[in-house]
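Asks: You'll find entry08.pdb just under this line, and it carries PDB, C-alpha atoms, pLDDT in the B column.
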MODEL        1
ATOM      1  CA  MET A  17      12.006   5.335  -1.146  1.00 62.00           C
ATOM      2  CA  LYS A  18      10.382   8.312   0.535  1.00 76.00           C
ATOM      3  CA  ASP A  19       8.880   9.381  -2.795  1.00 87.00           C
ATOM      4  CA  LEU A  20       7.228   6.000  -3.219  1.00 90.00           C
ATOM      5  CA  SER A  21       5.766   6.206   0.290  1.00 92.00           C
ATOM      6  CA  GLU A  22       4.355   9.644  -0.482  1.00 94.00           C
ATOM      7  CA  LEU A  23       2.878   8.313  -3.730  1.00 93.00           C
ATOM      8  CA  VAL A  24       1.052   5.496  -1.934  1.00 94.00           C
ATOM      9  CA  LEU A  25      -0.255   7.855   0.758  1.00 95.00           C
ATOM     10  CA  THR A  26      -1.340  10.425  -1.849  1.00 95.00           C
ATOM     11  CA  ILE A  27      -3.351   7.765  -3.674  1.00 95.00           C
ATOM     12  CA  VAL A  28      -4.887   6.124  -0.585  1.00 96.00           C
ATOM     13  CA  ARG A  29      -5.841   9.049   1.677  1.00 95.00           C
ATOM     14  CA  PRO A  30      -8.576  10.493  -0.603  1.00 96.00           C
ATOM     15  CA  LEU A  31     -10.176   7.041  -0.893  1.00 95.00           C
ATOM     16  CA  VAL A  32     -10.781   6.469   2.829  1.00 96.00           C
ATOM     17  CA  THR A  33     -13.117   8.080   5.355  1.00 96.00           C
ATOM     18  CA  HIS A  34     -10.436   8.148   8.085  1.00 94.00           C
ATOM     19  CA  PRO A  35      -7.256   9.453   6.400  1.00 94.00           C
ATOM     20  CA  ASP A  36      -5.615  10.037   9.788  1.00 95.00           C
ATOM     21  CA  GLN A  37      -5.609   6.255  10.392  1.00 94.00           C
ATOM     22  CA  VAL A  38      -3.717   5.412   7.194  1.00 95.00           C
ATOM     23  CA  GLN A  39      -0.381   3.877   8.106  1.00 95.00           C
ATOM     24  CA  LEU A  40       2.410   2.710   5.813  1.00 95.00           C
ATOM     25  CA  ASP A  41       5.272   0.621   7.176  1.00 94.00           C
ATOM     26  CA  ILE A  42       8.262  -0.401   5.085  1.00 93.00           C
ATOM     27  CA  VAL A  43       9.959  -3.723   5.774  1.00 94.00           C
ATOM     28  CA  GLU A  44      13.017  -4.828   3.842  1.00 91.00           C
ATOM     29  CA  SER A  45      13.227  -8.541   3.117  1.00 88.00           C
ATOM     30  CA  LYS A  46      15.701 -10.553   1.066  1.00 88.00           C
ATOM     31  CA  ASP A  47      14.096  -9.847  -2.320  1.00 89.00           C
ATOM     32  CA  PHE A  48      11.576  -7.070  -1.656  1.00 90.00           C
ATOM     33  CA  TYR A  49      10.841  -3.725  -0.124  1.00 91.00           C
ATOM     34  CA  GLU A  50       7.499  -4.575   1.438  1.00 93.00           C
ATOM     35  CA  TYR A  51       5.120  -1.660   1.903  1.00 95.00           C
ATOM     36  CA  ASN A  52       2.506  -2.712   4.462  1.00 95.00           C
ATOM     37  CA  LEU A  53      -0.580  -0.519   4.227  1.00 96.00           C
ATOM     38  CA  THR A  54      -2.992  -0.410   7.158  1.00 95.00           C
ATOM     39  CA  VAL A  55      -6.265   1.549   7.167  1.00 95.00           C
ATOM     40  CA  ALA A  56      -9.232   1.788   9.516  1.00 93.00           C
ATOM     41  CA  PRO A  57     -11.307  -1.453   9.579  1.00 93.00           C
ATOM     42  CA  GLU A  58     -14.308   0.246   7.959  1.00 93.00           C
ATOM     43  CA  ASP A  59     -12.105   1.520   5.102  1.00 94.00           C
ATOM     44  CA  ILE A  60     -10.551  -1.793   4.079  1.00 94.00           C
ATOM     45  CA  GLY A  61     -13.339  -2.432   1.547  1.00 93.00           C
ATOM     46  CA  ARG A  62     -12.754   0.952  -0.051  1.00 93.00           C
ATOM     47  CA  ILE A  63      -9.083   0.161  -0.594  1.00 94.00           C
ATOM     48  CA  ILE A  64      -9.652  -3.344  -1.929  1.00 94.00           C
ATOM     49  CA  GLY A  65     -12.688  -2.446  -4.051  1.00 93.00           C
ATOM     50  CA  LYS A  66     -15.084  -4.756  -5.840  1.00 94.00           C
ATOM     51  CA  GLN A  67     -13.245  -7.899  -6.913  1.00 95.00           C
ATOM     52  CA  GLY A  68      -9.970  -6.230  -5.869  1.00 94.00           C
ATOM     53  CA  ARG A  69     -10.021  -3.673  -8.667  1.00 96.00           C
ATOM     54  CA  VAL A  70      -8.953  -0.676  -6.561  1.00 95.00           C
ATOM     55  CA  ALA A  71      -6.119  -2.621  -4.932  1.00 95.00           C
ATOM     56  CA  LYS A  72      -4.968  -3.858  -8.340  1.00 96.00           C
ATOM     57  CA  ALA A  73      -4.997  -0.311  -9.744  1.00 96.00           C
ATOM     58  CA  ILE A  74      -2.972   1.010  -6.796  1.00 95.00           C
ATOM     59  CA  ARG A  75      -0.461  -1.815  -7.174  1.00 94.00           C
ATOM     60  CA  THR A  76      -0.173  -1.196 -10.928  1.00 94.00           C
ATOM     61  CA  ILE A  77       0.790   2.428 -10.292  1.00 93.00           C
ATOM     62  CA  VAL A  78       3.210   1.598  -7.481  1.00 92.00           C
ATOM     63  CA  TYR A  79       4.890  -1.256  -9.354  1.00 90.00           C
ATOM     64  CA  GLY A  80       5.331   0.976 -12.405  1.00 90.00           C
ATOM     65  CA  VAL A  81       7.631   3.342 -10.514  1.00 88.00           C
ATOM     66  CA  ARG A  82      11.306   2.709 -11.166  1.00 83.00           C
ATOM     67  CA  ILE A  83      13.565   2.420  -8.156  1.00 82.00           C
ATOM     68  CA  ASN A  84      17.342   2.280  -8.186  1.00 81.00           C
ATOM     69  CA  ALA A  85      17.723  -0.936  -6.244  1.00 80.00           C
ATOM     70  CA  PRO A  86      18.101  -4.622  -7.055  1.00 86.00           C
ATOM     71  CA  LYS A  87      15.005  -5.437  -4.972  1.00 88.00           C
ATOM     72  CA  LYS A  88      11.399  -5.244  -6.085  1.00 90.00           C
ATOM     73  CA  VAL A  89       8.552  -3.392  -4.388  1.00 92.00           C
ATOM     74  CA  ARG A  90       5.587  -5.264  -2.936  1.00 93.00           C
ATOM     75  CA  LEU A  91       2.454  -3.540  -1.602  1.00 94.00           C
ATOM     76  CA  ASN A  92       0.564  -5.489   1.067  1.00 95.00           C
ATOM     77  CA  ILE A  93      -2.832  -4.372   2.318  1.00 94.00           C
ATOM     78  CA  ILE A  94      -3.090  -5.467   5.938  1.00 92.00           C
ATOM     79  CA  ASP A  95      -6.569  -6.445   7.121  1.00 85.00           C
ATOM     80  CA  ASP A  96      -6.778  -6.192  10.939  1.00 77.00           C
ATOM     81  CA  ARG A  97     -10.543  -6.777  11.094  1.00 67.00           C
ATOM     82  CA  GLY A  98     -10.127 -10.353  12.314  1.00 59.00           C
ATOM     83  CA  LYS A  99      -8.041  -9.337  15.322  1.00 56.00           C
TER      84      LYS A  99
ENDMDL
END
Write out the structure in this file as structure tokens.
Replies:
Amino acid sequence: MKDLSELVLTIVRPLVTHPDQVQLDIVESKDFYEYNLTVAPEDIGRIIGKQGRVAKAIRTIVYGVRINAPKKVRLNIIDDRGK
């Protein structure tokens, strides 16, 4: 799972203006490995993109990676702007 984390970070860090604030937490639930991605509040729009195109492209790449586990991978983009 470390390789998948590195893949997500390698894709996301060049897209943001504050790469030091990129954080990826992995939570294991019943059916999924949930990768929770948090970026600086001013970078959230860069990660989501117009009409969610950037987020969809990132998810397409991540979901295309095969893992040797019965669970699926889910990438969540956490928006902390409202807090």
Asks: Have a look at A:Leu91, A:Val78, A:Ile42, A:Ala85 and name the one nearest to A:Thr26; count all atoms listed in the file.
Replies: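 Checking each of A:Leu91, A:Val78, A:Ile42, A:Ala85 against A:Thr26, counting all atoms listed in the file, the winner is A:Val78.
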Asks: Pick the closest to A:Asp96 from A:Lys18, A:Asp59, A:Tyr51, A:Gly80: which is it, counting only C-alpha atoms?
Replies: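 Of all the options, A:Asp59 lies closest to A:Asp96.
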Asks: Report the distance between atom CA of A:Val89 and atom CA of A:Glu50 in Å, rounded to one decimal place.
Replies: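 These two atoms are separated by 6.0 Å.
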Asks: Run the PyMOL selection byres ((chain A and resi 64-69) around 12) on the file and write out the hits as a list in words.
Replies: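 When the PyMOL selection byres ((chain A and resi 64-69) around 12) is applied, the selected residues are Val28, Leu31, Val32, Leu53, Thr54, Val55, Pro57, Glu58, Asp59, Ile60, Gly61, Arg62, Ile63, Val70, Ala71, Lys72, Ala73, Ile74, Arg75, Thr76, Asn92, Ile93, Ile94 and Asp95 of chain A.
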Asks: Output the selection as a compact mmCIF listing (two decimals), in the coordinates of the input - C-alpha atoms for each residue.
Replies:
# COMPACT_ATOMS: atom_id res chain seq x y z
CA VAL A 28 -4.89 6.12 -0.58
CA LEU A 31 -10.18 7.04 -0.89
CA VAL A 32 -10.78 6.47 2.83
CA LEU A 53 -0.58 -0.52 4.23
CA THR A 54 -2.99 -0.41 7.16
CA VAL A 55 -6.26 1.55 7.17
CA PRO A 57 -11.31 -1.45 9.58
CA GLU A 58 -14.31 0.25 7.96
CA ASP A 59 -12.10 1.52 5.10
CA ILE A 60 -10.55 -1.79 4.08
CA GLY A 61 -13.34 -2.43 1.55
CA ARG A 62 -12.75 0.95 -0.05
CA ILE A 63 -9.08 0.16 -0.59
CA VAL A 70 -8.95 -0.68 -6.56
CA ALA A 71 -6.12 -2.62 -4.93
CA LYS A 72 -4.97 -3.86 -8.34
CA ALA A 73 -5.00 -0.31 -9.74
CA ILE A 74 -2.97 1.01 -6.80
CA ARG A 75 -0.46 -1.82 -7.17
CA THR A 76 -0.17 -1.20 -10.93
CA ASN A 92 0.56 -5.49 1.07
CA ILE A 93 -2.83 -4.37 2.32
CA ILE A 94 -3.09 -5.47 5.94
CA ASP A 95 -6.57 -6.44 7.12
Asks: Would you give the centre and edge lengths, in Å to one decimal, of a box along x, y and z around the listed atoms of stretch 52-59 of chain A, with 4 Å added to each side, as AutoDock Vina command-line options?
Replies:
--center_x -5.9 --center_y -0.5 --center_z 6.9 --size_x 24.8 --size_y 12.5 --size_z 13.4
Asks: With all atoms listed in the file as the basis for distance, which of A:Gln39, A:Asp47, A:Pro86, A:His34 is at the shortest distance from A:Ser21?
Replies: A:Gln39
Asks: Please indicate the distance in Å from atom CA of A:Arg90 to atom CA of A:Asp19, rounded to one decimal place.
Replies: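 Value for the atom CA of A:Arg90-atom CA of A:Asp19 distance: 15.0 Å.
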Asks: How many Å separate atom CA of A:Ile83 from atom CA of A:Arg29?
Replies: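 Result for atom CA of A:Ile83 versus atom CA of A:Arg29: 22.7 Å, one decimal.
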Asks: Env of A:Lys88: 10 Å cut, atoms = only C-alpha atoms, seq-sep filter 4 positions within chain, self excluded. Answer as a PyMOL selection string.
Replies: chain A and resi 45-50+79+82-84
Asks: Can you sort out stretch 67-86 of chain A so it carries N, CA and C atoms, written as a PDB file, keeping the file's coordinate frame?
Replies:
ATOM      1  N   GLN A  67     -14.099  -6.897  -6.269  1.00 95.00           N
ATOM      2  CA  GLN A  67     -13.245  -7.899  -6.913  1.00 95.00           C
ATOM      3  C   GLN A  67     -11.785  -7.479  -6.938  1.00 95.00           C
ATOM      4  N   GLY A  68     -11.369  -6.628  -5.988  1.00 94.00           N
ATOM      5  CA  GLY A  68      -9.970  -6.230  -5.869  1.00 94.00           C
ATOM      6  C   GLY A  68      -9.489  -5.242  -6.906  1.00 94.00           C
ATOM      7  N   ARG A  69     -10.403  -4.571  -7.576  1.00 96.00           N
ATOM      8  CA  ARG A  69     -10.021  -3.673  -8.667  1.00 96.00           C
ATOM      9  C   ARG A  69      -9.249  -2.457  -8.187  1.00 96.00           C
ATOM     10  N   VAL A  70      -9.651  -1.862  -7.069  1.00 95.00           N
ATOM     11  CA  VAL A  70      -8.953  -0.676  -6.561  1.00 95.00           C
ATOM     12  C   VAL A  70      -7.550  -1.058  -6.111  1.00 95.00           C
ATOM     13  N   ALA A  71      -7.433  -2.159  -5.386  1.00 95.00           N
ATOM     14  CA  ALA A  71      -6.119  -2.621  -4.932  1.00 95.00           C
ATOM     15  C   ALA A  71      -5.219  -2.919  -6.124  1.00 95.00           C
ATOM     16  N   LYS A  72      -5.755  -3.539  -7.150  1.00 96.00           N
ATOM     17  CA  LYS A  72      -4.968  -3.858  -8.340  1.00 96.00           C
ATOM     18  C   LYS A  72      -4.503  -2.583  -9.038  1.00 96.00           C
ATOM     19  N   ALA A  73      -5.367  -1.578  -9.104  1.00 96.00           N
ATOM     20  CA  ALA A  73      -4.997  -0.311  -9.744  1.00 96.00           C
ATOM     21  C   ALA A  73      -3.888   0.397  -8.951  1.00 96.00           C
ATOM     22  N   ILE A  74      -4.008   0.393  -7.635  1.00 95.00           N
ATOM     23  CA  ILE A  74      -2.972   1.010  -6.796  1.00 95.00           C
ATOM     24  C   ILE A  74      -1.641   0.284  -6.995  1.00 95.00           C
ATOM     25  N   ARG A  75      -1.688  -1.025  -6.986  1.00 94.00           N
ATOM     26  CA  ARG A  75      -0.461  -1.815  -7.174  1.00 94.00           C
ATOM     27  C   ARG A  75       0.150  -1.580  -8.556  1.00 94.00           C
ATOM     28  N   THR A  76      -0.675  -1.448  -9.578  1.00 94.00           N
ATOM     29  CA  THR A  76      -0.173  -1.196 -10.928  1.00 94.00           C
ATOM     30  C   THR A  76       0.611   0.104 -10.971  1.00 94.00           C
ATOM     31  N   ILE A  77       0.095   1.136 -10.328  1.00 93.00           N
ATOM     32  CA  ILE A  77       0.790   2.428 -10.292  1.00 93.00           C
ATOM     33  C   ILE A  77       2.094   2.309  -9.517  1.00 93.00           C
ATOM     34  N   VAL A  78       2.032   1.702  -8.338  1.00 92.00           N
ATOM     35  CA  VAL A  78       3.210   1.598  -7.481  1.00 92.00           C
ATOM     36  C   VAL A  78       4.291   0.740  -8.142  1.00 92.00           C
ATOM     37  N   TYR A  79       3.902  -0.368  -8.743  1.00 90.00           N
ATOM     38  CA  TYR A  79       4.890  -1.256  -9.354  1.00 90.00           C
ATOM     39  C   TYR A  79       5.488  -0.661 -10.622  1.00 90.00           C
ATOM     40  N   GLY A  80       4.825   0.320 -11.202  1.00 90.00           N
ATOM     41  CA  GLY A  80       5.331   0.976 -12.405  1.00 90.00           C
ATOM     42  C   GLY A  80       6.413   1.997 -12.127  1.00 90.00           C
ATOM     43  N   VAL A  81       6.615   2.350 -10.880  1.00 88.00           N
ATOM     44  CA  VAL A  81       7.631   3.342 -10.514  1.00 88.00           C
ATOM     45  C   VAL A  81       8.991   2.658 -10.486  1.00 88.00           C
ATOM     46  N   ARG A  82       9.950   3.266 -11.155  1.00 83.00           N
ATOM     47  CA  ARG A  82      11.306   2.709 -11.166  1.00 83.00           C
ATOM     48  C   ARG A  82      12.033   3.100  -9.895  1.00 83.00           C
ATOM     49  N   ILE A  83      12.716   2.132  -9.302  1.00 82.00           N
ATOM     50  CA  ILE A  83      13.565   2.420  -8.156  1.00 82.00           C
ATOM     51  C   ILE A  83      14.977   1.955  -8.488  1.00 82.00           C
ATOM     52  N   ASN A  84      15.947   2.628  -7.931  1.00 81.00           N
ATOM     53  CA  ASN A  84      17.342   2.280  -8.186  1.00 81.00           C
ATOM     54  C   ASN A  84      17.817   1.307  -7.118  1.00 81.00           C
ATOM     55  N   ALA A  85      17.353   0.097  -7.207  1.00 80.00           N
ATOM     56  CA  ALA A  85      17.723  -0.936  -6.244  1.00 80.00           C
ATOM     57  C   ALA A  85      17.525  -2.295  -6.909  1.00 80.00           C
ATOM     58  N   PRO A  86      18.276  -3.290  -6.468  1.00 86.00           N
ATOM     59  CA  PRO A  86      18.101  -4.622  -7.055  1.00 86.00           C
ATOM     60  C   PRO A  86      16.838  -5.335  -6.568  1.00 86.00           C
TER      61      PRO A  86
END
